[in-house]
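Have a look at the structure below before the remarks.
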Amino acid sequence: MPDKPPVTLNDVVSEASLGLAPVVPGNPAAVITGAHTSDIHNPAAWLEPNTVLLTTGLRFVNAERDEQLAVRLVEDLRKARVAALFFGVGVYFDHVPAKLVSACKQAGFALYTVAADVPFHRIENFINKSQASPDAYLQKRALWLSNDLLQSISAENPVKALIVRLAAACRGTAVLYEDSGRIVEASGDGPTHLIWKELRNRKNESDPIVIGQWGVMARPLVLRGDGFTLAVASRNHRVLTDLGDVLLETTQRLLAAVYGIVQFSDSRERHENTQLLTMLQDGVPVAREFRHWERMRTFRFIPYAPIRAVVAVNVAQQPLDPSFAERLLRGAETSGMGLLLAETGRTPENPPGFHAVVSDSSALGAWLDLTDRSVFVGLSEPYSDLARTPEAFREAEAAAGIARRQVQAAAGIASSATYQGIVRLDEVDPATWLLARRQSPQDKDKLNRFVEALSVDSELKQTVICYLVNDLDVAKVAGVLFVHPNTVRYRLKKAENLVGGSLSSPRIIANLYLAFHDEIVALGQASHEPRG
């Protein structure tokens, strides 16, 4: 088959169906070897000589203050030996921006308008199908599109940038779904929810779908162990036929690269996180505090702003689910809260859970809610002297012990209690703090012996605890226990005989409070909860 004659600029602009009008006429004999649509900021880097650039002028939107934007664009296109610039009016601009017209006139660079009712693919098809080898053009175009998509890797949000470029490449819509159907990122005005419904119901994953005027192609993929679906949709079905597989394949590989980079970055950050936390726990000399604060900036800490040590122990006494730590790390990142975190329980001496240093910020409460009552949590008092960190962790460990005992007491004496198992040491009263510092079994045994006789009679024990919770008010106790006040008085008199003193004596009350402390706190917690 003989080669077709080359297409000239005159052949293109003379075709009435293409709706081209000269603004700065070019050389009519100039050979045109291809046409590409792009609104990226540096299109010349991806264009071959003697090609035409089609643009809607997106780069000029809200760019009035950049006096040299048009000049730089025209100069780059001229250096790349691009044949002409075709500007689509009626999308972002009703007329070609004056600065672009001026730059083209000054450089003698060909500029034409494309009528608002003419789709760019009509011009691309006219030029590209007129070439000697359409297959070669498709290969070049696929490579150009791949390079264009590759530019998204360097963006601040590479996944979003990639989906935006993919939508532009297919002249329609691109969307990345989770397996649940939640949209991770989307660009374009296609019917994304309807697309997901059709994708979920289709039998063959490789079959294209038609939804009204939209053609849809999709591909399932797995990123970091999670399932996703990547879909593209376009009203120009030919684009999907020619380039759909290439676009999906390229984007899939780039997404894998992006997530791989993120995973590597996360791995390095986690290592640095754990290493820094260990240093703080081992003790930081005062002279080196500033250096450690500077390292902590990476994890969103403000130097010398208050922080807390956190000790958490898993309620189930089992290693934490991997997603649990991920949830805590992402929660802190989303809220901007400083966090250093390391899982514990890797040795028999350490119960499963985690240790952390957190910013004492307004985001701390919401972050603690992410633990979802699956761990006992103790927090130290706020501090800003990093040298205090080892002591702060001892405080947090004591607070976690208080949380454990209070939850266990709540389960035993007040089943309706919803105590969350979170204790901040600065909110603990002196009695609770002193009891948390019991160092030997003899300390606990001493208190147990004082109430040993009471503990044998559960009804008597309950009455005494309720009496202490309700401020020694017999009438209140009777109302809570649904008994007559005289019954309460009888039980209290009996209790006095067993403990060897009056229940109005400060000494007796103090001893009873210390002995039944956890049950008193638990019952008090339940009694102050709103009733549904």
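We label chains A, B, ... in the order they appear in the structure tokens, count residues from 1 in each chain, and number ligands from 1 in the order shown.
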Q: Would you list the contacts of segment 232-244 of chain A as a PyMOL selection string, taking every protein, DNA or RNA residue within 7 Å and counting only C-alpha atoms, but skipping same-chain residues closer than 5 positions in sequence?
A: chain A and resi 142+170-175+190+213-218
Residue selection dump (N, CA and C atoms) as a compact mmCIF listing (two decimals), in the first residue's frame:
```txt
# COMPACT_ATOMS: atom_id res chain seq x y z
N ALA A 142 -0.06 6.55 22.95
CA ALA A 142 -0.08 5.80 24.21
C ALA A 142 1.15 6.15 25.05
N CYS A 170 -8.81 10.60 29.00
CA CYS A 170 -9.93 9.90 28.36
C CYS A 170 -11.06 10.86 28.02
N ARG A 171 -10.83 12.16 28.29
CA ARG A 171 -11.82 13.21 28.01
C ARG A 171 -13.16 12.88 28.66
N GLY A 172 -13.10 12.47 29.90
CA GLY A 172 -14.32 12.11 30.60
C GLY A 172 -14.12 12.07 32.09
N THR A 173 -14.34 10.91 32.67
CA THR A 173 -14.31 10.74 34.12
C THR A 173 -13.39 9.59 34.49
N ALA A 174 -12.67 9.76 35.59
CA ALA A 174 -11.86 8.68 36.17
C ALA A 174 -12.19 8.60 37.64
N VAL A 175 -12.26 7.39 38.17
CA VAL A 175 -12.63 7.22 39.58
C VAL A 175 -11.96 5.98 40.14
N GLY A 190 -18.89 12.41 35.26
CA GLY A 190 -19.60 11.17 34.97
C GLY A 190 -20.43 10.69 36.15
N GLN A 213 -25.02 7.78 27.54
CA GLN A 213 -24.04 8.19 26.54
C GLN A 213 -22.61 7.82 26.94
N TRP A 214 -22.44 7.27 28.14
CA TRP A 214 -21.10 7.01 28.67
C TRP A 214 -20.66 5.58 28.37
N GLY A 215 -19.44 5.45 27.87
CA GLY A 215 -18.79 4.16 27.81
C GLY A 215 -17.88 4.02 29.03
N VAL A 216 -17.83 2.83 29.62
CA VAL A 216 -17.08 2.63 30.86
C VAL A 216 -16.17 1.41 30.73
N MET A 217 -14.93 1.56 31.16
CA MET A 217 -14.01 0.44 31.29
C MET A 217 -13.45 0.47 32.71
N ALA A 218 -13.20 -0.71 33.26
CA ALA A 218 -12.72 -0.76 34.65
C ALA A 218 -11.76 -1.92 34.83
```
Extract the full set of helix (DSSP H, G or I) residues from segment 122-364 of chain A according to DSSP on the backbone, and format it as a short mmCIF file (atom, residue, chain, number, x, y, z; two decimals) with C-alpha atoms, in the first residue's frame.
```
data_model
loop_
_atom_site.label_atom_id
_atom_site.label_comp_id
_atom_site.auth_asym_id
_atom_site.auth_seq_id
_atom_site.Cartn_x
_atom_site.Cartn_y
_atom_site.Cartn_z
CA ARG A 122 -12.71 15.18 15.64
CA ILE A 123 -9.57 17.20 14.86
CA GLU A 124 -7.28 14.52 16.31
CA ASN A 125 -8.96 11.80 14.24
CA PHE A 126 -8.80 13.85 11.04
CA ILE A 127 -5.07 14.49 11.42
CA ASN A 128 -4.02 11.16 12.85
CA LYS A 129 -6.01 8.97 10.47
CA PRO A 134 -2.30 4.93 12.20
CA ASP A 135 -0.97 2.09 14.36
CA ALA A 136 2.31 3.92 14.84
CA TYR A 137 0.39 7.01 15.87
CA LEU A 138 -1.59 5.08 18.44
CA GLN A 139 1.65 3.73 19.89
CA LYS A 140 3.12 7.23 20.07
CA ARG A 141 -0.03 8.59 21.63
CA ALA A 142 -0.08 5.80 24.21
CA LEU A 143 3.53 6.62 25.11
CA TRP A 144 2.73 10.33 25.32
CA LEU A 145 -0.25 9.66 27.59
CA SER A 146 1.85 7.37 29.78
CA ASN A 147 4.46 10.09 30.18
CA ASP A 148 1.73 12.60 30.96
CA LEU A 149 0.31 10.36 33.67
CA LEU A 150 3.79 9.82 35.06
CA GLN A 151 4.01 13.53 35.92
CA SER A 152 1.47 13.01 38.72
CA ILE A 153 4.00 11.03 40.79
CA SER A 154 5.74 14.24 41.86
CA PRO A 158 -0.09 11.86 43.67
CA VAL A 159 -3.22 9.68 43.71
CA LYS A 160 -5.52 12.66 43.21
CA ALA A 161 -3.24 14.13 40.54
CA LEU A 162 -3.13 10.80 38.71
CA ILE A 163 -6.92 10.46 38.65
CA VAL A 164 -7.30 14.05 37.40
CA ARG A 165 -4.83 13.41 34.56
CA LEU A 166 -6.49 10.10 33.73
CA ALA A 167 -9.88 11.83 33.40
CA ALA A 168 -8.33 14.43 31.10
CA ALA A 169 -6.65 11.75 29.00
CA THR A 192 -19.81 7.76 39.50
CA HIS A 193 -22.43 6.13 41.77
CA LEU A 194 -24.26 4.61 38.82
CA ILE A 195 -20.94 3.38 37.42
CA TRP A 196 -20.19 1.58 40.69
CA LYS A 197 -23.64 -0.02 40.72
CA GLU A 198 -23.11 -1.39 37.21
CA LEU A 199 -19.56 -2.56 37.99
CA ARG A 200 -20.75 -4.41 41.09
CA ASN A 201 -23.45 -6.24 39.11
CA HIS A 237 -16.33 5.60 22.98
CA ARG A 238 -13.52 5.60 20.41
CA VAL A 239 -11.09 6.95 23.00
CA LEU A 240 -11.78 3.97 25.27
CA THR A 241 -11.56 1.54 22.36
CA ASP A 242 -8.18 2.89 21.26
CA LEU A 243 -6.60 3.78 24.58
CA GLY A 244 -8.72 2.41 27.44
CA ASP A 245 -6.55 -0.62 28.11
CA VAL A 246 -3.35 1.42 27.91
CA LEU A 247 -4.70 4.08 30.27
CA LEU A 248 -5.93 1.54 32.82
CA GLU A 249 -2.74 -0.53 32.65
CA THR A 250 -0.48 2.51 32.99
CA THR A 251 -2.52 3.99 35.83
CA GLN A 252 -2.61 0.66 37.65
CA ARG A 253 1.18 0.44 37.55
CA LEU A 254 1.59 4.05 38.65
CA LEU A 255 -0.83 3.55 41.54
CA ALA A 256 1.17 0.51 42.61
CA ALA A 257 4.33 2.63 42.45
CA VAL A 258 2.70 5.44 44.45
CA TYR A 259 1.46 3.07 47.14
CA GLY A 260 4.84 1.35 47.19
CA ILE A 261 6.56 4.68 47.77
CA VAL A 262 4.04 5.52 50.49
CA GLN A 263 4.57 2.13 52.13
CA PHE A 264 8.34 2.58 52.09
CA SER A 265 7.98 6.09 53.48
CA ASP A 266 5.60 4.84 56.19
CA SER A 267 8.00 2.06 57.10
CA ARG A 268 10.88 4.50 57.52
CA GLU A 269 8.68 6.88 59.49
CA ARG A 270 7.48 4.09 61.80
CA HIS A 271 11.07 3.05 62.47
CA GLU A 272 12.05 6.64 63.27
CA ASN A 273 8.92 6.98 65.41
CA THR A 274 9.71 3.91 67.50
CA GLN A 275 13.41 4.76 67.78
CA LEU A 276 12.67 8.28 69.02
CA LEU A 277 10.12 7.04 71.54
CA THR A 278 12.61 4.52 72.92
CA MET A 279 15.21 7.27 73.35
CA LEU A 280 12.76 9.39 75.32
CA GLN A 281 11.80 6.44 77.53
CA ASP A 282 15.45 5.65 78.23
CA VAL A 286 18.81 18.16 79.53
CA ALA A 287 21.60 19.33 77.24
CA ARG A 288 20.16 17.33 74.33
CA GLU A 289 16.49 18.20 74.74
CA PHE A 290 16.46 20.80 71.97
CA ARG A 291 17.87 18.29 69.47
CA HIS A 292 15.12 15.79 70.33
CA TRP A 293 12.41 18.43 70.10
CA GLU A 294 13.63 19.25 66.61
CA ARG A 295 13.38 15.58 65.61
CA MET A 296 9.87 15.46 67.07
CA ARG A 297 8.73 18.25 64.72
CA THR A 298 8.50 15.59 62.00
CA PHE A 299 5.73 13.96 64.03
CA PRO A 322 -2.48 -4.50 63.01
CA SER A 323 -5.30 -2.19 61.94
CA PHE A 324 -5.58 -0.82 65.49
CA ALA A 325 -2.18 0.89 65.49
CA GLU A 326 -2.81 2.04 61.92
CA ARG A 327 -6.06 3.67 63.03
CA LEU A 328 -4.32 5.51 65.87
CA LEU A 329 -1.48 6.72 63.63
CA ARG A 330 -3.81 7.92 60.88
CA GLY A 331 -6.13 9.54 63.41
CA ALA A 332 -3.28 11.59 64.85
CA GLU A 333 -2.05 12.52 61.38
CA THR A 334 -5.52 13.64 60.27
CA SER A 335 -6.07 15.80 63.35
CA LEU A 364 -6.42 14.33 72.29
#
```
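From atom CA of Pro306 of chain A back to atom CA of Ser380 of chain A, the distance works out to 11.2 Å.
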(Q) Which residues are near Val12 of chain A? Cut-off 12 Å, only C-alpha atoms, ignore same chain within fewer than 3 positions. Put them as a ChimeraX atom specification. (A) /A:6-9,15-22,26-35,51-52,83-84,86,112,114,122-128,130
Could you save those same residues with C-alpha atoms as a CSV table (one decimal), in the first residue's frame?
```csv
chain,number,residue,atom,x,y,z
A,6,PRO,CA,1.6,14.3,4.2
A,7,VAL,CA,-1.1,16.4,5.8
A,8,THR,CA,-0.5,20.2,5.8
A,9,LEU,CA,-1.7,22.9,8.0
A,15,GLU,CA,-11.7,21.3,6.5
A,16,ALA,CA,-15.0,23.0,7.4
A,17,SER,CA,-16.2,20.3,9.8
A,18,LEU,CA,-13.2,21.1,12.1
A,19,GLY,CA,-14.4,24.7,12.9
A,20,LEU,CA,-11.0,26.3,12.8
A,21,ALA,CA,-10.6,30.0,12.5
A,22,PRO,CA,-7.2,31.8,12.2
A,26,GLY,CA,0.6,29.9,10.1
A,27,ASN,CA,2.5,28.5,7.1
A,28,PRO,CA,-0.2,26.7,5.1
A,29,ALA,CA,2.4,24.3,3.7
A,30,ALA,CA,3.6,23.2,7.1
A,31,VAL,CA,3.4,19.4,7.5
A,32,ILE,CA,1.3,18.2,10.4
A,33,THR,CA,2.2,14.8,11.8
A,34,GLY,CA,-0.1,14.5,14.8
A,35,ALA,CA,-2.4,16.3,17.3
A,51,THR,CA,2.4,18.3,15.8
A,52,VAL,CA,-0.6,20.5,16.9
A,83,ALA,CA,3.3,23.5,14.3
A,84,ALA,CA,0.4,25.3,15.7
A,86,PHE,CA,-5.6,25.2,18.5
A,112,TYR,CA,-6.4,29.1,15.6
A,114,VAL,CA,-11.7,25.7,17.6
A,122,ARG,CA,-12.7,15.2,15.6
A,123,ILE,CA,-9.6,17.2,14.9
A,124,GLU,CA,-7.3,14.5,16.3
A,125,ASN,CA,-9.0,11.8,14.2
A,126,PHE,CA,-8.8,13.8,11.0
A,127,ILE,CA,-5.1,14.5,11.4
A,128,ASN,CA,-4.0,11.2,12.8
A,130,SER,CA,-4.5,10.8,7.6
```
